[in-house]
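Below is one structure, written out as structure tokens, with a few remarks after it.
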Amino acid sequence: MPLRRKAVLWSVLTPLALIAALVVIILTFDWNRLKPWLNQKVTEAIGRPFAVNGDLTLTWRSAEGETGWHTWVPWPRLSARDITVGNPEWAQEANFATVRELIFVLRPLPLLSHQISITSITVDSPAVWLERLADQRNNWTFVTPTSKAPSPWRLDIGEISLARGDLALNDQAMKIELQARLDTIGDAALYDKTRDGALIAPPESATVGQPGGAGAAGNASQRYGLRWKATGRYNQATINATGKAGTVLSLRDTQAPFPLQADVRVGNTRAVVEGTLTNPAHLGALDMHLQLSGDNMAKLYALTGIVLPSTPPYETRGRLVATLRKGASVYRYDKFSGRVGGSDLNGSLTYTQRQPRALLSGELESKQLRFEDLAPLIGADAKPGQAASDSTVRQPADKALPVAPFRTERWDSIDADVKFTGKRIIRTADLPVTDLVTHLKLDDGVLTLDPLNFGVAGGNLMSSLQLNGKREPLAATIDMKARHLQLKQLFPKFESMRASVGEVNGSAKLSATGNSVAALLGSSNGEAKLLVENGTVSKFLLEAMGLNVGSVVISKLFGDKPVQIHCGVSDFSFTNGVARSRVFVIDTQDAVIDTSGAIDLGSERLALTVRPDSKGLRVFSLRSPLYVGGTLKKPSVSPDIGVLALRAGGVVALALVAPVATAVLPLIDLSTAPDSQCGKLLAEIRKRPTAPPPGQAYRDPKTGKTSRPAGPAPSPDVQAAPAASAPVKPAAPSRPGAPDRPAPGNSLYQGG
């Protein structure tokens, strides 16, 4: 054979021979010989013990979806059995994970461009044990070797298929213990018996349902290929959860929906979801129907990190739509409806991940809002001796103001911008509140309600409230205005008020510090003013306040009639929780009623003196100061026993020496009130109230002094009225605008 021809022949046959030899070696090679090398390399890469304890086999399959000459290059299919991944030394379990069999199919040609393209991964019977200690050490964080230069290799995974599996979680930091079991559903099992038990991916028709959002139609066996169940405990609450999912999770096809269904119960909180997840490799989108229920929305904080107020039992239904981006996902609970307590609630809420805090925004509306459903917001739902919702502090039996602390430590974890409208408030007959409108903003731990407006007694109570949760204790300011409140609607249960007409207007400005409603009111400083002008009030009500027995009887027998109000003025200063009456006068055509004293909101003690001063002649009058004492929980009202005793003694003495007709002389009231000073009072009351910054005591602008009480409030068993055995000389008639000082022994009136 010529030399040239031999050279050509050898140049052709040699590569073919090498390729043939390589194919023979690959086909006949015992891949188990590579296990020591593979185990060592993976162990070094993940920083944990790794081992393939079973067979390591390689088979080939024809290329799918390729074109041209690429179709002639087969795809390797690698199978590894009995895989274990070790745990850190401190972990309780020996292994982090075990896998019965792991199969992946590789596209070889992309390796030439430094791309690891895995078309599918199938995991059979995985078991994973997750552990975290109280010091935040966990076994799911792997310590990998650091590299100065970025790796030129890229990883691309097409689909992931699961078959059976177990998951256990012991999280001491979050106090969670959980066990979950995963299994296949019917025809979606991943074993094909026609292939000698080899584990293969199921056909698409058996694993991936029809595309679409929540509620998409489709046979259950087509939509779902896996079912799961989980039980455990979270703090002291039990966890019970069940659900279904598709078997094949596509990480490459961004349009392929992955069906999900779950029913999760944690204690009394329940969430039921059904819908699809798309583009999971890049956290694409979530579209689900969500039903959420529980006994208190505040308990969702521990589960979701979203700060919500304390509420009565609730249930809502709506559509949950999410755009998922790493660190910037947006979740929208859209057009949901439901009930909170006995009130309806609907609207839309959006949760936006952002830095430094997430944002909860939206608009809520209640067409019929029960006023009692608002009580848990301030801890007013606590029964005596019991704690309010989401609180461990018990409400004292003798206290009326809520003592449940605000959870201000949660306020700096999220921002909020939510508008709420209560179109119609359902309340008791003696509460004249009709509607509510507010705009809530929470920014870096500072909660603002502006406006916070109530419809009250045919008018409006408009206010702006700010609570600074960044301070310890919490600092609060409130600016409030009352406009056009109707007299007869303020006390709808009092029959004697039905003859009353006229409007009430007023304003208040207060500041305070404290972590509960009781603490805030018990430390409040500022002013509150109220006025009634050009109205009428029930004559019977005035006569009853003056103890004019004869007029009361006549009014009851022959009816009531309205009395013209010249003015009604109330001016209170608040100093460290003590509300002191500077002016409290009702001036009518028949009488002047002057009230003086104070209310200690810290101890919830009352110490007020009501002095009626009639204009003109009153027969059978037992006119005497009325003392209002006791507590906010149990107020007491009593007349001046000494004055009544003197008048009664006069009746007895005259009866012994005079005819019966003269015996009524001590009961005849001949006093007359001074001329009305309404103009001066109204000019003073129309000045806007002031309040110092939170934490500073109020100083009267007239005197420049702090009207701070000197000494403790009266003990609960001591009434404000003087004892009968020690009569007090009747005080001179009060002058409007300058109330007399009552009961000199009472600490509420000392100082200032």
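Identifiers in the structure tokens: chain A, B, ... in order shown; residue index from 1 per chain; ligand index from 1 in order shown.
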- Message: Neighbouring residues of region 468-479 of chain A were defined as those with any atom within 12 Å, considering only C-alpha atoms; residues of the same chain fewer than 4 positions away were excluded. Please report them as a PyMOL selection string.
- Response: chain A and resi 405-413+441-453+461-464+506-517+519-521+523-529+688-696
Let me see the file: selected residues, C-alpha atoms, as a PDB file, in the first residue's frame.
ATOM      1  CA  PRO A 405     -50.110  47.972  77.303  1.00  0.00           C
ATOM      2  CA  PHE A 406     -49.594  48.934  73.680  1.00  0.00           C
ATOM      3  CA  ARG A 407     -47.193  46.643  71.789  1.00  0.00           C
ATOM      4  CA  THR A 408     -44.917  49.486  70.742  1.00  0.00           C
ATOM      5  CA  GLU A 409     -41.944  47.132  70.268  1.00  0.00           C
ATOM      6  CA  ARG A 410     -43.618  45.985  67.043  1.00  0.00           C
ATOM      7  CA  TRP A 411     -44.238  49.434  65.580  1.00  0.00           C
ATOM      8  CA  ASP A 412     -40.759  49.962  64.155  1.00  0.00           C
ATOM      9  CA  SER A 413     -40.879  46.703  62.162  1.00  0.00           C
ATOM     10  CA  LYS A 441     -50.051  56.303  59.325  1.00  0.00           C
ATOM     11  CA  LEU A 442     -47.205  54.419  60.994  1.00  0.00           C
ATOM     12  CA  ASP A 443     -43.750  55.752  60.171  1.00  0.00           C
ATOM     13  CA  ASP A 444     -40.623  54.547  61.980  1.00  0.00           C
ATOM     14  CA  GLY A 445     -42.519  53.716  65.171  1.00  0.00           C
ATOM     15  CA  VAL A 446     -44.662  56.878  65.215  1.00  0.00           C
ATOM     16  CA  LEU A 447     -48.401  56.226  64.873  1.00  0.00           C
ATOM     17  CA  THR A 448     -50.591  59.054  63.609  1.00  0.00           C
ATOM     18  CA  LEU A 449     -54.379  59.090  63.240  1.00  0.00           C
ATOM     19  CA  ASP A 450     -55.166  62.202  61.232  1.00  0.00           C
ATOM     20  CA  PRO A 451     -58.021  62.674  60.921  1.00  0.00           C
ATOM     21  CA  LEU A 452     -59.753  60.655  63.622  1.00  0.00           C
ATOM     22  CA  ASN A 453     -63.327  61.818  63.205  1.00  0.00           C
ATOM     23  CA  LEU A 461     -65.909  65.068  66.965  1.00  0.00           C
ATOM     24  CA  MET A 462     -62.786  65.864  64.932  1.00  0.00           C
ATOM     25  CA  SER A 463     -59.353  65.031  66.252  1.00  0.00           C
ATOM     26  CA  SER A 464     -55.745  64.326  65.411  1.00  0.00           C
ATOM     27  CA  GLY A 506     -65.693  72.582  72.363  1.00  0.00           C
ATOM     28  CA  SER A 507     -62.025  71.777  71.961  1.00  0.00           C
ATOM     29  CA  ALA A 508     -59.232  70.054  73.853  1.00  0.00           C
ATOM     30  CA  LYS A 509     -55.493  69.681  73.522  1.00  0.00           C
ATOM     31  CA  LEU A 510     -53.611  67.192  75.672  1.00  0.00           C
ATOM     32  CA  SER A 511     -50.204  65.560  75.889  1.00  0.00           C
ATOM     33  CA  ALA A 512     -49.232  62.516  77.912  1.00  0.00           C
ATOM     34  CA  THR A 513     -46.763  59.674  78.395  1.00  0.00           C
ATOM     35  CA  GLY A 514     -47.500  56.037  79.169  1.00  0.00           C
ATOM     36  CA  ASN A 515     -47.903  52.642  77.526  1.00  0.00           C
ATOM     37  CA  SER A 516     -51.646  52.181  78.068  1.00  0.00           C
ATOM     38  CA  VAL A 517     -54.822  54.205  77.943  1.00  0.00           C
ATOM     39  CA  ALA A 519     -51.276  55.482  81.935  1.00  0.00           C
ATOM     40  CA  LEU A 520     -51.755  58.124  79.232  1.00  0.00           C
ATOM     41  CA  LEU A 521     -54.836  59.672  80.814  1.00  0.00           C
ATOM     42  CA  SER A 523     -50.334  61.592  83.092  1.00  0.00           C
ATOM     43  CA  SER A 524     -52.195  63.961  80.766  1.00  0.00           C
ATOM     44  CA  ASN A 525     -51.465  67.705  80.634  1.00  0.00           C
ATOM     45  CA  GLY A 526     -53.326  70.429  78.775  1.00  0.00           C
ATOM     46  CA  GLU A 527     -56.741  72.036  78.527  1.00  0.00           C
ATOM     47  CA  ALA A 528     -60.302  71.089  77.581  1.00  0.00           C
ATOM     48  CA  LYS A 529     -63.110  73.575  76.938  1.00  0.00           C
ATOM     49  CA  ARG A 688     -57.829  77.651  71.655  1.00  0.00           C
ATOM     50  CA  PRO A 689     -56.629  75.219  74.347  1.00  0.00           C
ATOM     51  CA  THR A 690     -52.922  74.588  74.784  1.00  0.00           C
ATOM     52  CA  ALA A 691     -50.819  71.644  75.953  1.00  0.00           C
ATOM     53  CA  PRO A 692     -47.140  71.266  76.831  1.00  0.00           C
ATOM     54  CA  PRO A 693     -44.884  68.732  75.081  1.00  0.00           C
ATOM     55  CA  PRO A 694     -45.336  65.123  76.283  1.00  0.00           C
ATOM     56  CA  GLY A 695     -43.686  64.556  79.649  1.00  0.00           C
ATOM     57  CA  GLN A 696     -43.914  68.210  80.803  1.00  0.00           C
TER      58      GLN A 696
END
As a PDB file with C-alpha atoms, in the first residue's frame, please: the residues near Ser581 (chain A) (cut-off 6 Å, only C-alpha atoms, same-chain neighbours under 6 positions excluded).
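Result file follows (out.pdb):
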ATOM      1  CA  PHE A 572     -60.750  72.144  82.693  1.00  0.00           C
ATOM      2  CA  SER A 596     -66.055  72.971  91.030  1.00  0.00           C
ATOM      3  CA  GLY A 597     -63.521  70.326  91.960  1.00  0.00           C
ATOM      4  CA  ALA A 598     -61.297  67.868  90.169  1.00  0.00           C
TER       5      ALA A 598
END
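For the choices A:Ser120, A:Asn505, A:Thr316, A:Thr278, the atom-to-atom distance to Leu292 (chain A) is smallest for A:Thr316 when using only C-alpha atoms.
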- Task: Do a neighbour search on region 237-242 of chain A at 8 Å with only C-alpha atoms, toss out local chain neighbours closer than 6 positions, and write the hits as a PyMOL selection string.
- Result: chain A and resi 178+227-231+262-267
How would the residues just picked look written out with C-alpha atoms as a CSV table (one decimal), in the first residue's frame?
chain,number,residue,atom,x,y,z
A,178,LEU,CA,-42.8,20.4,63.0
A,227,ARG,CA,-50.0,15.7,48.8
A,228,TRP,CA,-48.5,16.7,52.1
A,229,LYS,CA,-49.4,16.8,55.7
A,230,ALA,CA,-47.7,18.6,58.6
A,231,THR,CA,-48.2,18.6,62.4
A,262,ALA,CA,-52.9,24.4,51.4
A,263,ASP,CA,-55.1,24.4,54.6
A,264,VAL,CA,-52.9,25.6,57.5
A,265,ARG,CA,-54.0,25.9,61.1
A,266,VAL,CA,-51.8,27.4,63.8
A,267,GLY,CA,-53.8,27.5,67.1
- Message: Give me, as a PyMOL selection string, all polymer residues having an atom no more than 9 Å from Pro88 (chain A), counting only C-alpha atoms and skipping those fewer than 5 positions away in the same chain.
- Response: chain A and resi 48+94-96+138-139
- Message: Need the shell around Glu44 (chain A): protein/DNA/RNA residues with any atom at most 8 Å away, counting only C-alpha atoms. Skip same-chain ones fewer than 3 positions apart. Format as a VMD selection string?
- Response: chain A and resid 40 to 41 47 to 48 144 to 145
- For Ile599 (chain A), work out the shell of residues within 7 Å, counting only C-alpha atoms and skipping chain neighbours fewer than 5 positions away, then give it as an MDAnalysis selection string. chainID A and resid 578:580 605:607
Would you save the residues from that selection as an mmCIF file, in the first residue's frame, using C-alpha atoms?
data_model
loop_
_atom_site.group_PDB
_atom_site.id
_atom_site.type_symbol
_atom_site.label_atom_id
_atom_site.label_comp_id
_atom_site.auth_asym_id
_atom_site.auth_seq_id
_atom_site.Cartn_x
_atom_site.Cartn_y
_atom_site.Cartn_z
ATOM 1 C CA VAL A 578 -55.685 65.652 87.373
ATOM 2 C CA ALA A 579 -58.502 67.456 85.547
ATOM 3 C CA ARG A 580 -59.332 70.589 87.561
ATOM 4 C CA ARG A 605 -61.172 59.346 91.854
ATOM 5 C CA LEU A 606 -63.953 61.930 91.595
ATOM 6 C CA ALA A 607 -64.217 65.018 93.808
#
- Across A:Leu530, A:Leu277, A:Pro396, A:Gly342, the smallest distance to Lys687 (chain A), with only C-alpha atoms counted, is shown by A:Leu530
